[in-house]
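A.B. asks: Contents of target04.csv (CSV, C-alpha atoms) are below:
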```
chain,number,residue,atom,x,y,z
A,671,MET,CA,-99.1,-53.1,24.0
A,672,ALA,CA,-100.8,-50.5,21.8
A,673,GLU,CA,-100.7,-47.0,23.1
A,674,ASN,CA,-103.7,-45.5,25.0
A,675,GLU,CA,-105.3,-48.9,25.7
A,676,ASN,CA,-105.7,-50.8,29.0
A,677,LYS,CA,-105.6,-54.2,27.3
A,678,PRO,CA,-102.8,-55.8,25.3
A,679,THR,CA,-103.1,-55.8,21.5
A,680,GLY,CA,-105.6,-58.3,20.4
A,681,ALA,CA,-107.0,-58.9,23.9
A,682,GLY,CA,-110.6,-60.3,23.9
A,683,LYS,CA,-110.4,-61.5,20.3
A,684,ASN,CA,-110.9,-65.2,19.7
A,685,SER,CA,-110.1,-67.3,16.6
A,686,PHE,CA,-111.3,-70.6,18.0
A,687,ASP,CA,-114.9,-70.2,16.7
A,688,LEU,CA,-113.7,-69.2,13.3
A,689,ILE,CA,-111.7,-72.4,12.5
A,690,ASP,CA,-112.5,-76.0,11.7
A,691,THR,CA,-111.4,-77.2,15.2
A,692,GLU,CA,-111.8,-80.9,14.3
A,693,LYS,CA,-109.3,-80.4,11.4
A,694,PHE,CA,-107.0,-78.2,13.5
A,695,PHE,CA,-106.7,-80.7,16.3
A,696,GLN,CA,-106.4,-83.6,13.9
A,697,GLU,CA,-103.3,-81.8,12.4
A,698,LEU,CA,-101.8,-81.2,15.8
A,699,ASP,CA,-102.3,-84.9,16.7
A,700,LEU,CA,-102.0,-84.3,20.4
A,701,GLN,CA,-101.3,-87.3,22.6
A,702,LYS,CA,-102.5,-88.1,26.1
A,703,GLY,CA,-100.2,-86.9,28.8
A,704,ILE,CA,-98.2,-84.2,27.0
A,705,SER,CA,-97.3,-80.7,28.1
A,706,PHE,CA,-99.0,-78.0,26.1
A,707,LEU,CA,-98.4,-74.2,26.1
A,708,ASP,CA,-100.9,-71.7,24.8
A,709,VAL,CA,-99.1,-68.4,24.3
A,710,ALA,CA,-101.4,-65.4,24.3
A,711,SER,CA,-104.3,-67.7,25.4
A,712,GLY,CA,-106.8,-65.0,26.1
A,713,ARG,CA,-109.9,-66.5,27.7
A,714,GLY,CA,-108.5,-70.0,26.8
A,715,ALA,CA,-110.8,-71.6,24.3
A,716,TYR,CA,-107.8,-73.6,22.9
A,717,SER,CA,-106.5,-74.5,26.4
A,718,LEU,CA,-109.9,-75.8,27.4
A,719,ALA,CA,-110.2,-78.0,24.3
A,720,VAL,CA,-106.6,-79.3,24.7
A,721,SER,CA,-107.2,-80.1,28.4
A,722,ASP,CA,-109.9,-82.5,27.4
A,723,ILE,CA,-107.9,-84.0,24.6
A,724,ILE,CA,-104.6,-84.7,26.5
A,725,GLY,CA,-106.4,-85.9,29.6
A,726,PRO,CA,-105.7,-85.4,33.3
A,727,GLN,CA,-102.2,-86.8,33.0
A,728,GLY,CA,-101.3,-84.0,30.6
A,729,ASN,CA,-100.5,-80.4,31.5
A,730,VAL,CA,-101.8,-77.2,29.8
A,731,PHE,CA,-100.1,-74.0,30.5
A,732,ALA,CA,-101.9,-70.8,29.4
A,733,VAL,CA,-100.3,-67.4,29.5
A,734,ASP,CA,-101.5,-64.0,28.6
A,735,LEU,CA,-101.0,-60.4,29.6
A,736,TRP,CA,-104.7,-59.9,29.7
A,737,ALA,CA,-105.7,-60.6,33.3
A,738,GLU,CA,-109.4,-60.6,32.7
A,739,GLY,CA,-109.0,-63.3,30.1
A,740,ILE,CA,-106.9,-65.5,32.4
A,741,GLU,CA,-109.5,-65.1,35.1
A,742,MET,CA,-112.2,-66.2,32.6
A,743,LEU,CA,-110.1,-69.2,31.7
A,744,LYS,CA,-109.6,-70.2,35.4
A,745,ALA,CA,-113.3,-69.9,36.1
A,746,ALA,CA,-114.2,-72.0,33.0
A,747,ALA,CA,-111.6,-74.7,33.9
A,748,GLN,CA,-112.9,-74.9,37.5
A,749,GLU,CA,-116.5,-75.1,36.2
A,750,ARG,CA,-115.6,-78.0,33.9
A,751,GLY,CA,-113.5,-79.7,36.6
A,752,PHE,CA,-110.3,-79.4,34.5
A,753,GLU,CA,-107.4,-79.7,37.0
A,754,ASN,CA,-104.6,-79.9,34.5
A,755,ILE,CA,-104.7,-76.2,33.4
A,756,THR,CA,-102.3,-73.7,34.9
A,757,ALA,CA,-103.0,-70.1,33.8
A,758,PHE,CA,-100.7,-67.2,34.3
A,759,VAL,CA,-100.8,-63.5,33.7
A,760,SER,CA,-97.4,-62.7,32.2
A,761,ASP,CA,-95.7,-60.7,29.6
A,762,VAL,CA,-94.6,-63.4,27.2
A,763,GLY,CA,-92.1,-61.1,25.6
A,764,ARG,CA,-90.2,-61.0,28.8
A,765,ARG,CA,-90.8,-64.3,30.6
A,766,ILE,CA,-93.0,-67.4,30.1
A,767,PRO,CA,-93.4,-68.8,33.7
A,768,VAL,CA,-92.7,-72.4,32.6
A,769,GLU,CA,-89.6,-74.6,33.2
A,770,ASP,CA,-86.9,-74.8,30.5
A,771,GLN,CA,-87.4,-77.6,27.9
A,772,SER,CA,-90.7,-78.7,29.5
A,773,ILE,CA,-93.2,-78.2,26.6
A,774,ASP,CA,-94.1,-80.8,24.0
A,775,VAL,CA,-96.4,-78.6,21.9
A,776,CYS,CA,-96.6,-74.8,21.9
A,777,LEU,CA,-99.4,-72.9,20.2
A,778,ILE,CA,-99.4,-69.3,19.1
A,779,ALA,CA,-102.9,-68.8,17.7
A,780,THR,CA,-103.4,-65.5,15.7
A,781,ALA,CA,-101.1,-63.6,17.9
A,782,LEU,CA,-97.6,-63.6,16.2
A,783,HIS,CA,-98.6,-60.6,14.1
A,784,ASP,CA,-99.6,-58.7,17.3
A,785,PHE,CA,-96.1,-59.5,18.7
A,786,VAL,CA,-94.5,-58.2,15.6
A,787,GLU,CA,-96.6,-55.0,15.7
A,788,ASP,CA,-95.7,-54.5,19.4
A,789,ARG,CA,-92.1,-55.3,18.6
A,790,ILE,CA,-91.8,-58.1,21.2
A,791,ASP,CA,-91.7,-61.0,18.7
A,792,GLN,CA,-88.0,-61.6,19.4
A,793,GLY,CA,-88.5,-61.8,23.2
A,794,VAL,CA,-91.5,-64.1,22.7
A,795,LEU,CA,-89.6,-66.4,20.4
A,796,ASP,CA,-86.6,-66.5,22.7
A,797,GLU,CA,-88.9,-67.7,25.5
A,798,VAL,CA,-90.6,-70.3,23.3
A,799,VAL,CA,-87.2,-71.7,22.4
A,800,ARG,CA,-86.3,-71.8,26.1
A,801,VAL,CA,-89.4,-73.7,27.2
A,802,ILE,CA,-90.0,-76.1,24.3
A,803,LYS,CA,-88.5,-79.6,24.3
A,804,PRO,CA,-85.8,-80.4,21.7
A,805,ALA,CA,-88.3,-82.5,19.7
A,806,GLY,CA,-91.2,-80.2,20.5
A,807,LEU,CA,-93.7,-78.8,18.1
A,808,LEU,CA,-94.5,-75.1,17.6
A,809,ALA,CA,-97.8,-74.5,15.9
A,810,VAL,CA,-98.5,-71.0,14.6
A,811,MET,CA,-101.9,-70.0,13.2
A,812,GLU,CA,-102.2,-66.7,11.4
A,813,PHE,CA,-104.7,-65.1,9.1
A,814,LYS,CA,-104.1,-65.6,5.4
A,815,LYS,CA,-102.4,-62.5,3.9
A,816,ILE,CA,-105.4,-61.3,2.1
A,817,ASP,CA,-107.9,-58.5,2.7
A,818,GLY,CA,-110.3,-59.2,5.6
A,819,PRO,CA,-112.3,-59.1,7.7
A,820,PRO,CA,-112.1,-60.9,10.0
A,821,GLY,CA,-108.6,-60.2,11.3
A,822,PRO,CA,-106.1,-57.4,11.1
A,823,PRO,CA,-105.4,-55.2,8.1
A,824,ILE,CA,-103.4,-56.9,5.4
A,825,HIS,CA,-100.2,-54.9,6.1
A,826,ILE,CA,-100.1,-56.5,9.5
A,827,ARG,CA,-100.8,-60.1,8.4
A,828,LEU,CA,-98.0,-62.6,8.1
A,829,SER,CA,-97.7,-65.0,5.2
A,830,PRO,CA,-96.5,-68.6,5.7
A,831,GLU,CA,-93.2,-67.5,4.2
A,832,ASP,CA,-93.0,-64.5,6.6
A,833,VAL,CA,-93.6,-66.9,9.6
A,834,ALA,CA,-91.1,-69.4,8.3
A,835,ASP,CA,-88.5,-66.7,7.8
A,836,MET,CA,-89.1,-65.3,11.3
A,837,LEU,CA,-88.8,-68.7,13.0
A,838,SER,CA,-85.8,-70.1,11.0
A,839,PRO,CA,-83.1,-68.2,13.0
A,840,TYR,CA,-84.6,-69.8,16.2
A,841,GLY,CA,-84.0,-73.3,14.9
A,842,PHE,CA,-87.5,-74.0,13.7
A,843,LYS,CA,-88.1,-75.8,10.4
A,844,LYS,CA,-91.4,-75.7,8.6
A,845,GLU,CA,-93.1,-79.1,8.5
A,846,HIS,CA,-96.2,-78.2,6.6
A,847,ALA,CA,-99.0,-75.7,6.4
A,848,VAL,CA,-102.6,-76.5,6.2
A,849,ASP,CA,-105.7,-74.4,5.9
A,850,VAL,CA,-108.1,-74.8,8.8
A,851,GLY,CA,-110.4,-71.9,8.2
A,852,ARG,CA,-114.0,-72.1,7.2
A,853,THR,CA,-114.7,-70.4,3.9
A,854,CYS,CA,-115.5,-67.1,5.5
A,855,CYS,CA,-112.6,-67.0,7.9
A,856,ARG,CA,-109.5,-67.2,5.8
A,857,ARG,CA,-107.1,-68.7,8.4
A,858,ARG,CA,-104.1,-70.9,8.1
A,859,THR,CA,-102.2,-72.9,10.5
A,860,ILE,CA,-98.5,-73.6,10.1
A,861,GLN,CA,-96.7,-76.3,12.0
A,862,LEU,CA,-93.0,-76.1,12.7
A,863,SER,CA,-90.7,-78.3,14.6
A,864,ASN,CA,-87.7,-77.2,16.6
A,865,ILE,CA,-84.4,-78.6,15.2
A,866,ALA,CA,-81.9,-76.4,17.1
A,867,LYS,CA,-81.6,-78.6,20.2
```
Represent the supplied structure as structure tokens.

C.D. replies:
Amino acid sequence: MAENENKPTGAGKNSFDLIDTEKFFQELDLQKGISFLDVASGRGAYSLAVSDIIGPQGNVFAVDLWAEGIEMLKAAAQERGFENITAFVSDVGRRIPVEDQSIDVCLIATALHDFVEDRIDQGVLDEVVRVIKPAGLLAVMEFKKIDGPPGPPIHIRLSPEDVADMLSPYGFKKEHAVDVGRTCCRRRTIQLSNIAK
């Protein structure tokens, strides 16, 4: 967490409205009934969308250190009648409150750079490896490494190569990268699969 702030780094920011969600979810190719983990979910825009896609047989786990965001997600899920979302307030750099090897798809949407800045990226990735199934998919979305806005300063941004290099020691292999940003938004998603298990 950044010093002198009550909220975690990046809390309250949302990339969902800045991307081509149809293209993004087409790339993820989510199936009915899967287990999905939204790391650093914030108020849960991705979690809510995924809940609808994977249906009531699936499970969405949303985790964030920002308690206010988790409460907003819980209220939105209740309002929409989504009973397959479980949302936790937790420090993902220490513990993700999900069973070992229980997650089919894990999403880190525009948060990995914050984890690097806060120096908790290794703890987060250790936890992701613990909870993801052997054939599971890790999807990482980051801003393109170009001057913004929107997004963080260029020196904080991670290139697809930076992300692949960070994830490789954890047994992840890059499947492909695809641009899911609208012209003004300059975002990229990178999909990786776990090959270590």

A.B. asks: Starting from the point (-85.5, -75.2, 19.8), work out which residues of protein, DNA or RNA have an atom no more than 12 Å away when counting all atoms listed in the file; state them as a count of residues only.

C.D. replies: 34

A.B. asks: Would you compute the distance between atom CA of A:Arg827 and atom CA of A:Asp849? Give it in Å to one decimal.

C.D. replies: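 Taking atom CA of A:Arg827 and atom CA of A:Asp849, their separation equals 15.3 Å.
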
A.B. asks: Which is closer to A:Phe695 than all the others in A:Gly712, A:Val848, A:Gln727, A:Glu831, using all atoms listed in the file?

C.D. replies: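 Of all the options, A:Val848 lies closest to A:Phe695.
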
A.B. asks: Restricting the calculation to all atoms listed in the file, which member of A:Gly703, A:Gly818, A:Gly714, A:Gly728 is positioned closest to A:Glu753?

C.D. replies: A:Gly728

A.B. asks: Between A:Gly739, A:Pro726, A:Gly751, A:Pro820, which one has atoms that come closest to A:Gly851, using only C-alpha atoms?

C.D. replies: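 Among the listed residues, A:Pro820 lies closest to A:Gly851.
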
A.B. asks: With distances taken over all atoms listed in the file, which residue among A:Glu845, A:Glu738, A:Asp722, A:Glu812 lies nearest A:Phe686?

C.D. replies: A:Glu812

A.B. asks: Between A:Asp761, A:Glu769, A:Asp708, A:Glu692, which is the closest to A:Phe785 once you count only C-alpha atoms?

C.D. replies: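 The closest residue to A:Phe785 is A:Asp761.
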
A.B. asks: With only C-alpha atoms as the basis for distance, which of A:Val762, A:Ile724, A:Leu782, A:Ala715 is at the shortest distance from A:Ala747?

C.D. replies: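 Closest to A:Ala747, using only C-alpha atoms: A:Ala715.
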
A.B. asks: Can you pull out the residues contacting A:Ser711? Cut-off 8 Å, using all atoms listed in the file, and skip same-chain residues under 4 positions away; I want them as a list in words.

C.D. replies: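 Skipping anything fewer than 4 positions along the chain leaves Ala715, Tyr716, Ser717, Ala732, Val733, Asp734, Gly739, Ile740 and Ala779 of chain A.
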
A.B. asks: Show me as a ChimeraX atom specification the residues that reach within 12 Å of (-97.1, -69.7, 6.7), counting all atoms listed in the file and using the file's own coordinates.

C.D. replies: /A:780,782-783,809-815,827-837,843-849,857-862

A.B. asks: In Å, rounded to a single decimal, give me how far atom CA of A:Ile704 is from atom CA of A:Gly763.

C.D. replies: 23.9 Å

A.B. asks: Go ahead and compute the interatomic distance for atom CA of A:Leu735 and atom CA of A:Asp687, in Å to one decimal.

C.D. replies: 21.3 Å

A.B. asks: Please, could N, CA and C atoms be added to stretch 713-735 of chain A and the result written as a compact mmCIF listing (two decimals), keeping the file's coordinate frame?

C.D. replies:
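As a result, part-v3.txt now contains:
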```
# COMPACT_ATOMS: atom_id res chain seq x y z
N ARG A 713 -108.98 -65.86 26.74
CA ARG A 713 -109.90 -66.50 27.70
C ARG A 713 -109.78 -68.05 27.62
N GLY A 714 -108.89 -68.56 26.76
CA GLY A 714 -108.50 -70.00 26.80
C GLY A 714 -109.32 -70.99 26.12
N ALA A 715 -109.96 -70.65 25.03
CA ALA A 715 -110.80 -71.60 24.30
C ALA A 715 -109.90 -72.81 23.83
N TYR A 716 -108.70 -72.51 23.32
CA TYR A 716 -107.80 -73.60 22.90
C TYR A 716 -107.34 -74.41 24.08
N SER A 717 -106.99 -73.75 25.15
CA SER A 717 -106.50 -74.50 26.40
C SER A 717 -107.57 -75.40 26.90
N LEU A 718 -108.80 -74.97 26.94
CA LEU A 718 -109.90 -75.80 27.40
C LEU A 718 -110.08 -77.04 26.56
N ALA A 719 -110.05 -76.85 25.26
CA ALA A 719 -110.20 -78.00 24.30
C ALA A 719 -109.05 -78.95 24.46
N VAL A 720 -107.83 -78.42 24.55
CA VAL A 720 -106.60 -79.30 24.70
C VAL A 720 -106.67 -80.04 25.99
N SER A 721 -107.10 -79.41 27.05
CA SER A 721 -107.20 -80.10 28.40
C SER A 721 -107.97 -81.37 28.26
N ASP A 722 -109.07 -81.30 27.57
CA ASP A 722 -109.90 -82.50 27.40
C ASP A 722 -109.22 -83.54 26.53
N ILE A 723 -108.52 -83.10 25.50
CA ILE A 723 -107.90 -84.00 24.60
C ILE A 723 -106.69 -84.76 25.22
N ILE A 724 -105.84 -84.05 25.95
CA ILE A 724 -104.60 -84.70 26.50
C ILE A 724 -104.88 -85.37 27.84
N GLY A 725 -106.03 -85.14 28.41
CA GLY A 725 -106.40 -85.90 29.60
C GLY A 725 -105.76 -85.36 30.88
N PRO A 726 -106.18 -85.93 32.02
CA PRO A 726 -105.70 -85.40 33.30
C PRO A 726 -104.21 -85.70 33.56
N GLN A 727 -103.60 -86.61 32.80
CA GLN A 727 -102.20 -86.80 33.00
C GLN A 727 -101.34 -85.77 32.26
N GLY A 728 -101.96 -85.03 31.34
CA GLY A 728 -101.30 -84.00 30.60
C GLY A 728 -101.33 -82.66 31.38
N ASN A 729 -100.55 -81.71 30.91
CA ASN A 729 -100.50 -80.40 31.50
C ASN A 729 -100.72 -79.32 30.44
N VAL A 730 -101.62 -78.39 30.72
CA VAL A 730 -101.80 -77.20 29.80
C VAL A 730 -101.41 -76.00 30.60
N PHE A 731 -100.52 -75.23 29.97
CA PHE A 731 -100.10 -74.00 30.50
C PHE A 731 -100.61 -72.87 29.59
N ALA A 732 -101.35 -71.94 30.15
CA ALA A 732 -101.90 -70.80 29.40
C ALA A 732 -101.33 -69.54 29.93
N VAL A 733 -100.87 -68.69 29.04
CA VAL A 733 -100.30 -67.40 29.50
C VAL A 733 -100.73 -66.30 28.60
N ASP A 734 -101.06 -65.18 29.26
CA ASP A 734 -101.50 -64.00 28.60
C ASP A 734 -101.30 -62.78 29.47
N LEU A 735 -101.10 -61.64 28.87
CA LEU A 735 -101.00 -60.40 29.60
C LEU A 735 -102.33 -59.85 30.05
```
